Amino acid sequence: MGKIILVTGGARSGKSKFAEKLALKLSGNRAAYIATAQIFDEEMARRVKMHQARRKNFWTTYESPFDADKTISDAAKKFDVILFDCVTIYLSNFLCSQNVDDEQIFSDCENLIRRLIEAAKNSGATVIFVSNEVGEGIVPENKLARIFRDLSGIANQMLAQESEKVFLTVAGLAVDVKKLNFEI
C-alpha cells in the first residue's frame, strides 16, 4: 500500500524545495519527479528551468500534464518515492482543457483527484504531492478564477484526508499540520 504526503503553501513559500529535500531524504537520493507544467511562454520556461537546475541529477523526470494517475503507476515500478509537482498546475491543465458546465467540472475534478489518490495508494511507493493554497486571499473577480480556486481547495482537502502527513510551508518553514489538527 502506497503512502501519500501533501505539501502545500502559498506562492514562493518554499513548498517545492521542502518537498524535494523530503523526497531525497526518504529515497536515499533516488526519486521520480512528475512534472505537470506545460510551457506556453518564456515566464513558464524560466520557472521550469529554475526547478530543473535545483533538482540536479538525483531525479528521473516524468512529464505528465494529463493522465498523471498512469504516470504514478509507471514511476512506481522503478521508484519507491515519487514527487508530484504540482497539483494546482495539473488542475489548471484540466480546467483549461474543458468545455462543460460548472457542475460537471466539479464532478470531473473530484474524479481526477480520486484517480491520483488511488494510483498513489496502489503504487506501493510514497507519493509526495505539492499543491498551492490559493484560497486565502480575496474572492477572485472572474468566474474562471473562482472555479479554479474552489477546485484547488477541494483537491487539497481530498488529498489531505488521505495523507499520512500534511506539511504547510510558510516563509521556507514547514509545519506538519496533520499532527496539529483538532478533529471535532
# chains A, B, ... in the order shown; residues from 1 in each chain; ligands from 1
call {"tool": "residues_around", "arguments": {"residues": "Ile39 (chain A)", "least_positions_apart": "3", "cutoff": "12 Å", "atoms": "only C-alpha atoms", "output": "number ranges by chain"}}
result
A: 35-36, 42-49, 63, 65, 89, 93
call {"tool": "residues_around", "arguments": {"residues": "Ser107 (chain A)", "least_positions_apart": "4", "cutoff": "12 Å", "atoms": "only C-alpha atoms", "output": "PDB file with N, CA and C atoms, in the first residue's frame"}}
result
ATOM      1  N   LEU A  95      -8.633  22.136 -16.192  1.00  0.00           N
ATOM      2  CA  LEU A  95      -9.672  23.156 -16.319  1.00  0.00           C
ATOM      3  C   LEU A  95      -9.624  23.829 -17.692  1.00  0.00           C
ATOM      4  N   VAL A 100     -17.271  22.292 -20.454  1.00  0.00           N
ATOM      5  CA  VAL A 100     -18.520  21.758 -19.918  1.00  0.00           C
ATOM      6  C   VAL A 100     -19.063  22.697 -18.852  1.00  0.00           C
ATOM      7  N   ASP A 101     -20.252  22.413 -18.375  1.00  0.00           N
ATOM      8  CA  ASP A 101     -20.861  23.281 -17.368  1.00  0.00           C
ATOM      9  C   ASP A 101     -20.159  23.149 -16.020  1.00  0.00           C
ATOM     10  N   ASP A 102     -20.411  24.134 -15.155  1.00  0.00           N
ATOM     11  CA  ASP A 102     -19.738  24.214 -13.854  1.00  0.00           C
ATOM     12  C   ASP A 102     -19.894  22.941 -13.020  1.00  0.00           C
ATOM     13  N   GLU A 103     -21.110  22.434 -12.943  1.00  0.00           N
ATOM     14  CA  GLU A 103     -21.365  21.262 -12.110  1.00  0.00           C
ATOM     15  C   GLU A 103     -20.555  20.060 -12.606  1.00  0.00           C
ATOM     16  N   ASN A 111     -13.242  13.347  -9.637  1.00  0.00           N
ATOM     17  CA  ASN A 111     -12.835  12.057 -10.205  1.00  0.00           C
ATOM     18  C   ASN A 111     -11.359  12.052 -10.570  1.00  0.00           C
ATOM     19  N   LEU A 112     -10.867  13.166 -11.094  1.00  0.00           N
ATOM     20  CA  LEU A 112      -9.459  13.306 -11.446  1.00  0.00           C
ATOM     21  C   LEU A 112      -8.575  13.121 -10.210  1.00  0.00           C
ATOM     22  N   ILE A 113      -8.939  13.781  -9.121  1.00  0.00           N
ATOM     23  CA  ILE A 113      -8.157  13.684  -7.884  1.00  0.00           C
ATOM     24  C   ILE A 113      -8.295  12.291  -7.271  1.00  0.00           C
ATOM     25  N   ARG A 114      -9.480  11.712  -7.324  1.00  0.00           N
ATOM     26  CA  ARG A 114      -9.661  10.332  -6.834  1.00  0.00           C
ATOM     27  C   ARG A 114      -8.733   9.361  -7.574  1.00  0.00           C
ATOM     28  N   LEU A 151     -11.826  24.527  -7.036  1.00  0.00           N
ATOM     29  CA  LEU A 151     -11.317  23.200  -7.393  1.00  0.00           C
ATOM     30  C   LEU A 151     -10.032  22.888  -6.627  1.00  0.00           C
ATOM     31  N   ILE A 154     -10.918  22.003  -3.029  1.00  0.00           N
ATOM     32  CA  ILE A 154     -11.499  20.657  -2.960  1.00  0.00           C
ATOM     33  C   ILE A 154     -10.403  19.603  -3.110  1.00  0.00           C
ATOM     34  N   ALA A 155      -9.526  19.791  -4.092  1.00  0.00           N
ATOM     35  CA  ALA A 155      -8.438  18.834  -4.322  1.00  0.00           C
ATOM     36  C   ALA A 155      -7.542  18.731  -3.090  1.00  0.00           C
TER      37      ALA A 155
END
call {"tool": "residues_around", "arguments": {"residues": "Leu116 (chain A)", "least_positions_apart": "6", "cutoff": "8 Å", "atoms": "only C-alpha atoms", "output": "ChimeraX atom specification"}}
result
/A:68-69,72
call {"tool": "select_by_dssp", "arguments": {"residues": "region 15-124 of chain A", "states": "strand (DSSP E or B)", "output": "ChimeraX atom specification"}}
result
/A:31-35,59-63,81-85
call {"tool": "write_last_selection", "arguments": {"atoms": "C-alpha atoms", "output": "tab-separated table (two decimals), in the first residue's frame"}}
result
chain	number	residue	atom	x	y	z
A	31	ALA	CA	13.39	9.56	-6.67
A	32	ALA	CA	10.95	10.11	-9.52
A	33	TYR	CA	9.68	13.59	-10.31
A	34	ILE	CA	6.33	14.02	-12.03
A	35	ALA	CA	6.25	17.44	-13.66
A	59	TRP	CA	15.81	12.64	-10.28
A	60	THR	CA	14.18	10.81	-13.12
A	61	THR	CA	11.59	13.19	-14.53
A	62	TYR	CA	8.26	12.18	-16.00
A	63	GLU	CA	6.36	14.95	-17.77
A	81	VAL	CA	9.45	7.74	-3.74
A	82	ILE	CA	7.64	9.94	-6.24
A	83	LEU	CA	7.33	13.72	-6.11
A	84	PHE	CA	4.29	15.15	-7.92
A	85	ASP	CA	4.78	18.87	-8.59
call {"tool": "closest_residue", "arguments": {"among": "A:Ile105, A:Cys96, A:Val130, A:Leu91", "to": "Val166 (chain A)", "atoms": "only C-alpha atoms"}}
result
A:Val130
call {"tool": "residues_around", "arguments": {"residues": "Ala160 (chain A)", "least_positions_apart": "5", "cutoff": "10 Å", "atoms": "only C-alpha atoms", "output": "VMD selection string"}}
result
chain A and resid 4 to 8 129 154 to 155 165 to 167 177 to 178
call {"tool": "write_last_selection", "arguments": {"atoms": "N, CA, C and O atoms", "output": "compact mmCIF listing (two decimals), in the first residue's frame"}}
result
# COMPACT_ATOMS: atom_id res chain seq x y z
N ILE A 4 0.78 8.59 1.08
CA ILE A 4 0.60 9.91 0.49
C ILE A 4 1.04 10.96 1.50
O ILE A 4 0.70 10.89 2.68
N ILE A 5 1.81 11.93 1.01
CA ILE A 5 2.20 13.10 1.78
C ILE A 5 1.81 14.31 0.96
O ILE A 5 2.07 14.36 -0.25
N LEU A 6 1.19 15.30 1.59
CA LEU A 6 0.82 16.55 0.92
C LEU A 6 1.68 17.68 1.45
O LEU A 6 1.82 17.83 2.67
N VAL A 7 2.25 18.46 0.54
CA VAL A 7 2.99 19.66 0.90
C VAL A 7 2.28 20.83 0.22
O VAL A 7 2.16 20.87 -1.00
N THR A 8 1.80 21.76 1.03
CA THR A 8 1.04 22.88 0.49
C THR A 8 1.56 24.18 1.08
O THR A 8 2.29 24.20 2.06
N PHE A 129 2.72 14.90 -2.89
CA PHE A 129 2.01 15.84 -3.75
C PHE A 129 2.30 17.26 -3.28
O PHE A 129 2.17 17.55 -2.09
N ILE A 154 -10.92 22.00 -3.03
CA ILE A 154 -11.50 20.66 -2.96
C ILE A 154 -10.40 19.60 -3.11
O ILE A 154 -10.34 18.63 -2.34
N ALA A 155 -9.53 19.79 -4.09
CA ALA A 155 -8.44 18.83 -4.32
C ALA A 155 -7.54 18.73 -3.09
O ALA A 155 -7.18 17.62 -2.67
N LYS A 165 0.87 12.52 6.18
CA LYS A 165 1.35 13.79 6.70
C LYS A 165 0.92 14.89 5.76
O LYS A 165 0.85 14.69 4.55
N VAL A 166 0.66 16.07 6.33
CA VAL A 166 0.35 17.26 5.55
C VAL A 166 1.23 18.38 6.08
O VAL A 166 1.13 18.76 7.25
N PHE A 167 2.10 18.87 5.22
CA PHE A 167 3.00 19.96 5.60
C PHE A 167 2.52 21.26 4.98
O PHE A 167 2.22 21.31 3.79
N VAL A 177 0.85 20.00 9.69
CA VAL A 177 -0.46 20.45 10.19
C VAL A 177 -1.37 19.28 10.53
O VAL A 177 -2.28 19.44 11.35
N LYS A 178 -1.14 18.13 9.97
CA LYS A 178 -1.97 16.97 10.33
C LYS A 178 -1.70 16.59 11.79
O LYS A 178 -2.62 16.19 12.49
call {"tool": "select_by_dssp", "arguments": {"residues": "region 2-181 of chain A", "states": "alpha helix (DSSP H)", "output": "ChimeraX atom specification"}}
result
/A:15-27,42-55,68-76,87-96,102-123,143-162,177-180
call {"tool": "residues_around", "arguments": {"residues": "Phe18 (chain A)", "least_positions_apart": "4", "cutoff": "9 Å", "atoms": "only C-alpha atoms", "output": "VMD selection string"}}
result
chain A and resid 7 14 22 to 23 169 172 to 174
call {"tool": "write_last_selection", "arguments": {"atoms": "N, CA, C and O atoms", "output": "CSV table (one decimal), in the first residue's frame"}}
result
chain,number,residue,atom,x,y,z
A,7,VAL,N,2.2,18.5,0.5
A,7,VAL,CA,3.0,19.7,0.9
A,7,VAL,C,2.3,20.8,0.2
A,7,VAL,O,2.2,20.9,-1.0
A,14,GLY,N,8.2,28.0,-0.4
A,14,GLY,CA,9.3,27.0,-0.2
A,14,GLY,C,8.8,25.6,-0.3
A,14,GLY,O,9.5,24.7,0.1
A,22,LEU,N,12.6,16.5,1.1
A,22,LEU,CA,12.0,15.4,1.8
A,22,LEU,C,12.0,14.1,1.0
A,22,LEU,O,12.3,13.0,1.4
A,23,ALA,N,11.7,14.2,-0.3
A,23,ALA,CA,11.7,13.1,-1.2
A,23,ALA,C,13.1,12.5,-1.3
A,23,ALA,O,13.3,11.2,-1.2
A,169,THR,N,3.9,25.0,4.2
A,169,THR,CA,5.1,25.8,4.2
A,169,THR,C,4.8,27.3,4.2
A,169,THR,O,3.9,27.7,3.6
A,172,GLY,N,9.5,29.5,3.9
A,172,GLY,CA,10.5,28.5,3.8
A,172,GLY,C,10.5,27.5,5.0
A,172,GLY,O,11.4,26.6,5.0
A,173,LEU,N,9.6,27.6,5.9
A,173,LEU,CA,9.5,26.7,7.0
A,173,LEU,C,8.3,25.8,6.8
A,173,LEU,O,7.2,26.2,6.3
A,174,ALA,N,8.4,24.5,7.2
A,174,ALA,CA,7.3,23.5,7.1
A,174,ALA,C,6.8,23.1,8.4
A,174,ALA,O,7.6,22.8,9.3
call {"tool": "decode", "arguments": {"residues": "region 129-175 of chain A", "atoms": "C-alpha atoms", "output": "mmCIF file, in the first residue's frame"}}
result
data_model
loop_
_atom_site.group_PDB
_atom_site.id
_atom_site.type_symbol
_atom_site.label_atom_id
_atom_site.label_comp_id
_atom_site.auth_asym_id
_atom_site.auth_seq_id
_atom_site.Cartn_x
_atom_site.Cartn_y
_atom_site.Cartn_z
ATOM 1 C CA PHE A 129 2.011 15.843 -3.754
ATOM 2 C CA VAL A 130 2.855 19.554 -3.916
ATOM 3 C CA SER A 131 -0.113 21.918 -4.126
ATOM 4 C CA ASN A 132 -0.742 25.626 -3.729
ATOM 5 C CA GLU A 133 -3.034 27.161 -1.150
ATOM 6 C CA VAL A 134 -4.872 29.632 -3.359
ATOM 7 C CA GLY A 135 -7.994 30.439 -1.341
ATOM 8 C CA GLU A 136 -6.553 32.575 1.442
ATOM 9 C CA GLY A 137 -6.849 35.868 -0.418
ATOM 10 C CA ILE A 138 -9.741 37.885 -1.724
ATOM 11 C CA VAL A 139 -12.531 36.377 -3.813
ATOM 12 C CA PRO A 140 -11.339 36.483 -7.448
ATOM 13 C CA GLU A 141 -13.198 38.889 -9.724
ATOM 14 C CA ASN A 142 -13.805 36.461 -12.577
ATOM 15 C CA LYS A 143 -15.706 33.196 -12.783
ATOM 16 C CA LEU A 144 -12.850 31.046 -14.123
ATOM 17 C CA ALA A 145 -10.539 32.153 -11.297
ATOM 18 C CA ARG A 146 -13.248 31.420 -8.705
ATOM 19 C CA ILE A 147 -13.809 27.958 -10.157
ATOM 20 C CA PHE A 148 -10.045 27.309 -10.125
ATOM 21 C CA ARG A 149 -9.791 28.472 -6.505
ATOM 22 C CA ASP A 150 -12.671 26.223 -5.492
ATOM 23 C CA LEU A 151 -11.317 23.200 -7.393
ATOM 24 C CA SER A 152 -7.918 23.685 -5.765
ATOM 25 C CA GLY A 153 -9.472 23.804 -2.309
ATOM 26 C CA ILE A 154 -11.499 20.657 -2.960
ATOM 27 C CA ALA A 155 -8.438 18.834 -4.322
ATOM 28 C CA ASN A 156 -6.320 19.846 -1.328
ATOM 29 C CA GLN A 157 -8.977 18.658 1.112
ATOM 30 C CA MET A 158 -9.295 15.316 -0.676
ATOM 31 C CA LEU A 159 -5.532 14.801 -0.691
ATOM 32 C CA ALA A 160 -5.129 15.906 2.928
ATOM 33 C CA GLN A 161 -7.801 13.446 4.040
ATOM 34 C CA GLU A 162 -5.823 10.567 2.514
ATOM 35 C CA SER A 163 -2.359 11.800 3.517
ATOM 36 C CA GLU A 164 -0.218 10.345 6.242
ATOM 37 C CA LYS A 165 1.355 13.787 6.705
ATOM 38 C CA VAL A 166 0.348 17.257 5.549
ATOM 39 C CA PHE A 167 3.005 19.958 5.601
ATOM 40 C CA LEU A 168 2.175 23.657 5.322
ATOM 41 C CA THR A 169 5.101 25.790 4.226
ATOM 42 C CA VAL A 170 5.395 29.435 5.217
ATOM 43 C CA ALA A 171 8.483 31.573 4.574
ATOM 44 C CA GLY A 172 10.539 28.464 3.829
ATOM 45 C CA LEU A 173 9.494 26.669 7.016
ATOM 46 C CA ALA A 174 7.339 23.521 7.060
ATOM 47 C CA VAL A 175 4.863 22.553 9.762
#
